[in-house]
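Here is coords-v4.cif, consisting of mmCIF, C-alpha atoms and all ligand atoms:
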data_my_file
#
loop_
_atom_site.label_atom_id
_atom_site.label_comp_id
_atom_site.auth_asym_id
_atom_site.auth_seq_id
_atom_site.Cartn_x
_atom_site.Cartn_y
_atom_site.Cartn_z
CA MET A 1 -12.35 5.08 -15.62
CA PRO A 2 -15.84 4.35 -14.27
CA PRO A 3 -16.07 3.90 -10.49
CA THR A 4 -17.48 0.50 -9.58
CA SER A 5 -19.55 1.84 -6.71
CA GLN A 6 -20.69 5.23 -5.42
CA PRO A 7 -17.72 6.27 -3.27
CA ALA A 8 -18.44 7.64 0.18
CA LYS A 9 -16.79 10.90 1.26
CA PRO A 10 -13.08 10.06 1.50
CA ARG A 11 -11.52 9.81 4.96
CA ALA A 12 -8.51 11.73 3.62
CA ASN A 13 -8.15 13.56 0.33
CA PHE A 14 -5.00 12.42 -1.46
CA ASP A 15 -6.07 14.11 -4.71
CA ARG A 16 -4.26 17.21 -3.54
CA ILE A 17 -0.87 15.53 -3.56
CA ALA A 18 -1.33 12.98 -6.35
CA ARG A 19 0.78 14.83 -8.95
CA PRO A 20 3.64 16.05 -6.74
CA TYR A 21 3.58 12.86 -4.61
CA ARG A 22 6.45 11.20 -6.45
CA TRP A 23 8.68 14.29 -6.36
CA LEU A 24 7.92 15.01 -2.70
CA GLU A 25 8.90 11.42 -1.98
CA TYR A 26 12.22 11.75 -3.87
CA LEU A 27 12.94 15.04 -2.10
CA SER A 28 12.35 13.53 1.33
CA PHE A 29 13.64 9.97 1.00
CA GLY A 30 15.52 9.82 -2.31
CA PRO A 31 15.15 6.36 -3.87
CA MET A 32 14.66 4.56 -0.53
CA LEU A 33 10.86 4.17 -0.59
CA GLU A 34 11.08 2.77 -4.12
CA GLN A 35 13.81 0.35 -3.08
CA CYS A 36 11.57 -0.82 -0.25
CA ARG A 37 8.48 -1.13 -2.51
CA PHE A 38 10.23 -2.86 -5.40
CA CYS A 39 12.55 -5.23 -3.52
CA ARG A 40 10.08 -8.17 -3.55
CA ILE A 41 9.07 -8.02 -7.19
CA PRO A 42 11.32 -10.97 -8.18
CA GLN A 43 9.49 -13.08 -5.56
CA LEU A 44 6.05 -12.23 -6.98
CA LYS A 45 6.38 -13.78 -10.42
CA SER A 46 4.09 -16.71 -9.70
CA ALA A 47 1.17 -14.55 -8.48
CA ARG A 48 -1.88 -14.65 -10.72
CA ARG A 49 -4.50 -12.52 -9.01
CA ALA A 50 -3.62 -9.57 -6.80
CA LEU A 51 -5.56 -7.16 -4.63
CA VAL A 52 -3.57 -3.92 -4.53
CA LEU A 53 -4.78 -1.47 -1.89
CA GLY A 54 -3.88 2.24 -1.88
CA ASP A 55 -1.13 1.97 -4.49
CA GLY A 56 -1.37 5.70 -5.15
CA ASP A 57 0.16 6.75 -8.46
CA GLY A 58 0.75 3.18 -9.62
CA ARG A 59 4.54 3.07 -9.85
CA PHE A 60 4.68 -0.26 -8.04
CA LEU A 61 1.79 -1.78 -9.96
CA ALA A 62 3.28 -0.85 -13.35
CA ARG A 63 6.56 -2.54 -12.37
CA LEU A 64 4.79 -5.62 -11.08
CA LEU A 65 2.60 -5.96 -14.19
CA THR A 66 5.72 -5.65 -16.35
CA ALA A 67 7.64 -8.27 -14.36
CA ASN A 68 4.69 -10.67 -14.24
CA SER A 69 2.78 -10.79 -17.51
CA SER A 70 0.24 -13.35 -16.17
CA LEU A 71 -0.92 -11.20 -13.29
CA HIS A 72 -4.37 -9.60 -13.07
CA ALA A 73 -5.10 -7.13 -10.30
CA ASP A 74 -8.01 -5.53 -8.51
CA VAL A 75 -6.89 -2.06 -7.49
CA VAL A 76 -8.61 -0.13 -4.70
CA ASP A 77 -7.95 3.51 -3.90
CA GLN A 78 -10.15 6.33 -2.73
CA SER A 79 -8.41 9.08 -4.69
CA PRO A 80 -9.61 9.63 -8.29
CA ALA A 81 -6.46 11.66 -9.06
CA MET A 82 -4.18 8.86 -7.85
CA LEU A 83 -6.23 6.32 -9.82
CA ARG A 84 -5.93 8.37 -13.01
CA LEU A 85 -2.13 8.35 -12.67
CA LEU A 86 -2.16 4.63 -11.90
CA GLU A 87 -4.38 3.91 -14.91
CA SER A 88 -2.12 5.83 -17.24
CA ARG A 89 0.98 4.06 -15.88
CA ALA A 90 -0.69 0.68 -16.39
CA ALA A 91 -1.60 1.72 -19.94
CA SER A 92 1.96 2.85 -20.59
CA VAL A 93 3.20 -0.70 -19.89
CA HIS A 94 0.36 -2.15 -22.05
CA ALA A 95 -1.34 -3.72 -19.04
CA ARG A 96 -4.54 -1.66 -18.71
CA ASP A 97 -6.65 -4.69 -19.59
CA ARG A 98 -5.15 -6.66 -16.68
CA ILE A 99 -6.35 -4.31 -13.96
CA CYS A 100 -9.80 -3.63 -12.57
CA ILE A 101 -9.99 -0.25 -10.86
CA HIS A 102 -12.24 0.36 -7.85
CA GLN A 103 -12.56 3.85 -6.49
CA ALA A 104 -13.63 2.88 -3.00
CA ASP A 105 -12.82 2.94 0.70
CA ALA A 106 -10.68 -0.14 1.29
CA LEU A 107 -12.29 -0.58 4.71
CA THR A 108 -15.72 -1.20 3.18
CA PHE A 109 -14.65 -2.69 -0.17
CA ALA A 110 -16.16 -6.12 -0.77
CA PRO A 111 -13.50 -8.31 -2.41
CA SER A 112 -14.73 -10.86 -4.92
CA GLY A 113 -12.97 -14.01 -5.97
CA VAL A 114 -9.75 -15.44 -4.62
CA TYR A 115 -6.39 -13.65 -4.46
CA ASP A 116 -2.90 -15.09 -4.18
CA LEU A 117 -1.31 -11.70 -3.52
CA ILE A 118 -2.27 -8.68 -1.40
CA VAL A 119 -0.18 -5.53 -1.64
CA THR A 120 -0.18 -2.61 0.79
CA HIS A 121 2.71 -0.17 0.42
CA PHE A 122 2.74 2.66 2.95
CA PHE A 123 -1.02 2.25 3.19
CA LEU A 124 -1.72 0.54 6.54
CA ASP A 125 -0.31 3.67 8.20
CA CYS A 126 -3.51 5.49 7.15
CA PHE A 127 -5.42 3.41 9.73
CA THR A 128 -5.59 2.50 13.40
CA THR A 129 -4.66 -0.99 14.60
CA SER A 130 -8.33 -1.99 14.88
CA GLU A 131 -9.02 -0.70 11.37
CA VAL A 132 -6.09 -2.76 10.02
CA GLN A 133 -7.53 -5.78 11.83
CA SER A 134 -10.95 -5.23 10.31
CA LEU A 135 -9.38 -4.79 6.85
CA ALA A 136 -7.47 -8.07 7.31
CA GLN A 137 -10.62 -9.88 8.51
CA ASN A 138 -12.45 -8.70 5.41
CA ILE A 139 -9.69 -9.96 3.10
CA ARG A 140 -8.77 -13.22 4.85
CA PRO A 141 -11.67 -15.34 3.44
CA HIS A 142 -10.65 -14.33 -0.10
CA LEU A 143 -7.12 -15.70 0.04
CA ALA A 144 -5.86 -18.80 -1.72
CA PRO A 145 -3.77 -21.22 0.38
CA GLY A 146 -0.18 -19.95 0.37
CA ALA A 147 -1.21 -16.42 -0.66
CA LEU A 148 1.24 -13.64 0.16
CA TRP A 149 0.56 -10.24 1.72
CA LEU A 150 3.30 -7.76 0.90
CA VAL A 151 3.54 -4.92 3.39
CA SER A 152 5.83 -1.88 3.13
CA GLU A 153 5.69 0.44 6.09
CA PHE A 154 7.40 2.97 8.26
CA ALA A 155 8.58 1.59 11.58
CA ILE A 156 10.24 2.79 14.76
CA PRO A 157 13.45 0.77 15.21
CA SER A 158 15.00 0.17 18.61
CA GLY A 159 18.29 1.75 19.67
CA PHE A 160 19.98 4.91 18.40
CA ALA A 161 17.67 5.30 15.39
CA ALA A 162 14.47 5.36 17.47
CA LEU A 163 14.38 9.09 18.22
CA PRO A 164 15.07 10.31 14.67
CA ALA A 165 12.55 7.76 13.37
CA ARG A 166 9.85 9.00 15.79
CA THR A 167 10.56 12.58 14.73
CA ILE A 168 10.33 11.76 11.02
CA VAL A 169 7.12 9.74 11.43
CA SER A 170 5.48 12.50 13.53
CA ALA A 171 6.47 15.10 10.93
CA LEU A 172 4.99 12.94 8.16
CA TYR A 173 1.70 12.55 10.02
CA ALA A 174 1.56 16.32 10.65
CA ALA A 175 2.20 17.02 6.94
CA PHE A 176 -0.40 14.49 5.77
CA ARG A 177 -2.94 15.83 8.28
CA LEU A 178 -2.41 19.33 6.90
CA ILE A 179 -2.47 18.41 3.22
CA THR A 180 -4.94 15.52 3.06
CA GLY A 181 -6.94 15.76 6.29
CA LEU A 182 -5.72 12.30 7.40
CA ARG A 183 -6.92 11.76 10.95
CA THR A 184 -4.57 8.91 11.92
CA ARG A 185 -1.78 10.24 14.12
CA ALA A 186 0.43 7.26 14.89
CA LEU A 187 1.60 4.08 13.21
CA PRO A 188 -0.79 1.20 13.79
CA ASN A 189 0.56 -2.04 15.19
CA HIS A 190 -0.12 -3.88 11.94
CA SER A 191 1.79 -6.98 13.13
CA THR A 192 -0.60 -7.47 16.04
CA ALA A 193 -3.57 -6.92 13.74
CA LEU A 194 -2.31 -9.44 11.18
CA VAL A 195 -1.35 -12.07 13.76
CA ARG A 196 -4.79 -11.75 15.41
CA THR A 197 -6.40 -12.31 12.02
CA GLY A 198 -4.43 -15.50 11.38
CA PHE A 199 -1.39 -14.35 9.41
CA THR A 200 2.21 -15.39 9.96
CA LEU A 201 5.25 -13.28 9.17
CA LEU A 202 7.45 -15.06 6.61
CA ASP A 203 10.19 -12.50 6.11
CA ARG A 204 11.14 -8.95 7.06
CA ARG A 205 13.73 -6.65 5.48
CA THR A 206 14.66 -3.22 6.77
CA PHE A 207 15.92 -0.08 5.07
CA LEU A 208 17.19 3.29 6.35
CA PHE A 209 18.32 1.95 9.77
CA GLY A 210 14.94 0.30 10.32
CA LEU A 211 12.73 3.31 9.45
CA LEU A 212 11.36 1.36 6.46
CA ILE A 213 10.30 -2.28 6.46
CA SER A 214 9.28 -4.72 3.77
CA GLU A 215 7.39 -7.76 5.06
CA LEU A 216 5.85 -10.86 3.56
CA TRP A 217 2.92 -12.38 5.46
CA GLN A 218 0.97 -15.55 4.78
CA PRO A 219 -2.34 -16.90 6.09
CA SER A 220 -1.52 -19.51 8.76
C1 LIG B 301 0.32 7.37 1.73
S1 LIG B 301 -0.37 6.99 0.17
C2 LIG B 301 0.59 5.57 -0.28
C3 LIG B 301 0.67 5.43 -1.77
C4 LIG B 301 1.57 4.31 -2.27
N1 LIG B 301 1.06 3.00 -1.90
C5 LIG B 301 2.99 4.43 -1.80
O1 LIG B 301 3.64 3.39 -1.65
O2 LIG B 301 3.48 5.54 -1.64
C6 LIG B 301 -1.90 6.27 0.63
C7 LIG B 301 -2.76 5.87 -0.57
O3 LIG B 301 -3.88 5.17 -0.06
C8 LIG B 301 -5.08 5.79 -0.49
N2 LIG B 301 -6.04 5.67 0.62
C9 LIG B 301 -5.96 6.22 1.85
N3 LIG B 301 -6.98 5.82 2.61
C10 LIG B 301 -7.73 4.99 1.84
C11 LIG B 301 -8.91 4.24 2.05
N4 LIG B 301 -9.56 4.27 3.23
N5 LIG B 301 -9.37 3.48 1.05
C12 LIG B 301 -8.75 3.43 -0.15
N6 LIG B 301 -7.64 4.12 -0.43
C13 LIG B 301 -7.14 4.90 0.56
C14 LIG B 301 -4.73 7.22 -0.83
O4 LIG B 301 -5.62 7.77 -1.78
C15 LIG B 301 -3.32 7.07 -1.36
O5 LIG B 301 -3.31 6.76 -2.73
#
Output the structure of this file as structure tokens.
Ligand SMILES: C[S@@+](CC[C@H](N)C(=O)[O-])C[C@H]1O[C@@H](n2cnc3c(N)ncnc32)[C@H](O)[C@@H]1O
Amino acid sequence: MPPTSQPAKPRANFDRIARPYRWLEYLSFGPMLEQCRFCRIPQLKSARRALVLGDGDGRFLARLLTANSSLHADVVDQSPAMLRLLESRAASVHARDRICIHQADALTFAPSGVYDLIVTHFFLDCFTTSEVQSLAQNIRPHLAPGALWLVSEFAIPSGFAALPARTIVSALYAAFRLITGLRTRALPNHSTALVRTGFTLLDRRTFLFGLLISELWQPS
């Protein structure tokens, strides 16, 4: 898997958790993150060209490529170990030739062409609100009219679930800081960043009492 550009030093090193990532996820959240990631796949069958950012080990991408045999995807991730897993998953569903892998920092990646689908699952939480805004500004000119941006994220719900949600999210940030060196310490306000960049929220679903969200955004 040749890198398309010389990658800069990664902001956080996810190589360390690439292999156990899936099992750590099942241990902490059972099937809930997968339910959140996969719930929109039936709505994505008309997409033709996707930009998939920080997909990690490629479980989502393999499912999407299987469900939509016309889809081609540019995949951006900074972790070579994650990308190797993703590449082998894509190959296992006979879709390796439909993905173009970029080992790069998504914040400086220069998209080329026009996308009708952007995917970020549990990825925007690696950034601050202003970084999410700059990412969105970089992507916005490369979107076809009616393109969709699928976002899965952690969230802090209101009401009785707020305190446990805050505790879980803080514990996750502490664990990721320890294991990967991630510097971000709090969830960005991705909604503000996307609205400021000219996106409109089309639909929002919640899981686990609002701790997990799945959103579909569209350029206004
Ligand atoms: C928390 S994991 C999420 C993985 C997967 N999308 C999921 O749903 O679990 C974050 C992923 O984004 C990648 N990543 C983090 N920061 C990045 C950056 N600045 N540019 C590109 N990839 C990045 C990591 O290597 C990792 O694969």
Contacts between ligand LIG 301 (chain B) and chain A, please, where a residue of chain A counts if it comes within 6 Å (with all atoms listed in the file); show its shortest atom pair and distance in Å to one decimal, rows by chain and ascending number, as JSON lines.
{"residue": "A:Phe14", "atom": "CA", "partner": "B:LIG301", "partner_atom": "O4", "distance": 4.7}
{"residue": "A:Gly54", "atom": "CA", "partner": "B:LIG301", "partner_atom": "O3", "distance": 3.4}
{"residue": "A:Asp55", "atom": "CA", "partner": "B:LIG301", "partner_atom": "N1", "distance": 3.5}
{"residue": "A:Gly56", "atom": "CA", "partner": "B:LIG301", "partner_atom": "O5", "distance": 3.3}
{"residue": "A:Val76", "atom": "CA", "partner": "B:LIG301", "partner_atom": "C12", "distance": 5.8}
{"residue": "A:Asp77", "atom": "CA", "partner": "B:LIG301", "partner_atom": "N6", "distance": 3.5}
{"residue": "A:Gln78", "atom": "CA", "partner": "B:LIG301", "partner_atom": "N6", "distance": 4.1}
{"residue": "A:Ser79", "atom": "CA", "partner": "B:LIG301", "partner_atom": "O4", "distance": 4.2}
{"residue": "A:Met82", "atom": "CA", "partner": "B:LIG301", "partner_atom": "O5", "distance": 5.6}
{"residue": "A:Ala104", "atom": "CA", "partner": "B:LIG301", "partner_atom": "C12", "distance": 5.7}
{"residue": "A:Asp105", "atom": "CA", "partner": "B:LIG301", "partner_atom": "N5", "distance": 3.5}
{"residue": "A:Ala106", "atom": "CA", "partner": "B:LIG301", "partner_atom": "N5", "distance": 3.9}
{"residue": "A:Leu107", "atom": "CA", "partner": "B:LIG301", "partner_atom": "N4", "distance": 5.8}
{"residue": "A:His121", "atom": "CA", "partner": "B:LIG301", "partner_atom": "O1", "distance": 4.2}
{"residue": "A:Phe122", "atom": "CA", "partner": "B:LIG301", "partner_atom": "O1", "distance": 4.7}
{"residue": "A:Phe123", "atom": "CA", "partner": "B:LIG301", "partner_atom": "C6", "distance": 4.8}
{"residue": "A:Cys126", "atom": "CA", "partner": "B:LIG301", "partner_atom": "N3", "distance": 5.7}
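Using only C-alpha atoms for every distance, the candidate list A:Arg98, A:Ile168, A:Met32, A:Thr184 yields A:Arg98 as the residue closest to Ala62 (chain A).
When all atoms listed in the file are used to compute distances to Gly30 (chain A), the closest of the residues A:Ala162, A:Val151, A:Leu208, A:Glu215 turns out to be A:Leu208.
Of the listed residues (A:Gly159, A:Pro188, A:Pro80, A:Gly146), A:Pro80 comes nearest to Asn13 (chain A); the distances count all atoms listed in the file.
Restricting the calculation to all atoms listed in the file, the smallest distance between Asp74 (chain A) and any of A:Arg19, A:Arg183, A:Arg196, A:Arg49 is found for A:Arg49.
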>> Could you list, as a PyMOL selection string, every residue within 12 Å of region 108-111 of chain A, counting only C-alpha atoms and ignoring same-chain residues fewer than 3 positions away?
In response: chain A and resi 4-8+10-11+49-54+73-78+100-105+114-115+118+131-132+134-143
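Residues in contact with Leu71 (chain A) at up to 9 Å, not including ones fewer than 4 positions away on its chain and judged by only C-alpha atoms, are Lys45, Ser46, Ala47, Arg48, Arg49, Ala50, Leu64, Leu65, Arg98 and Ile99 of chain A.
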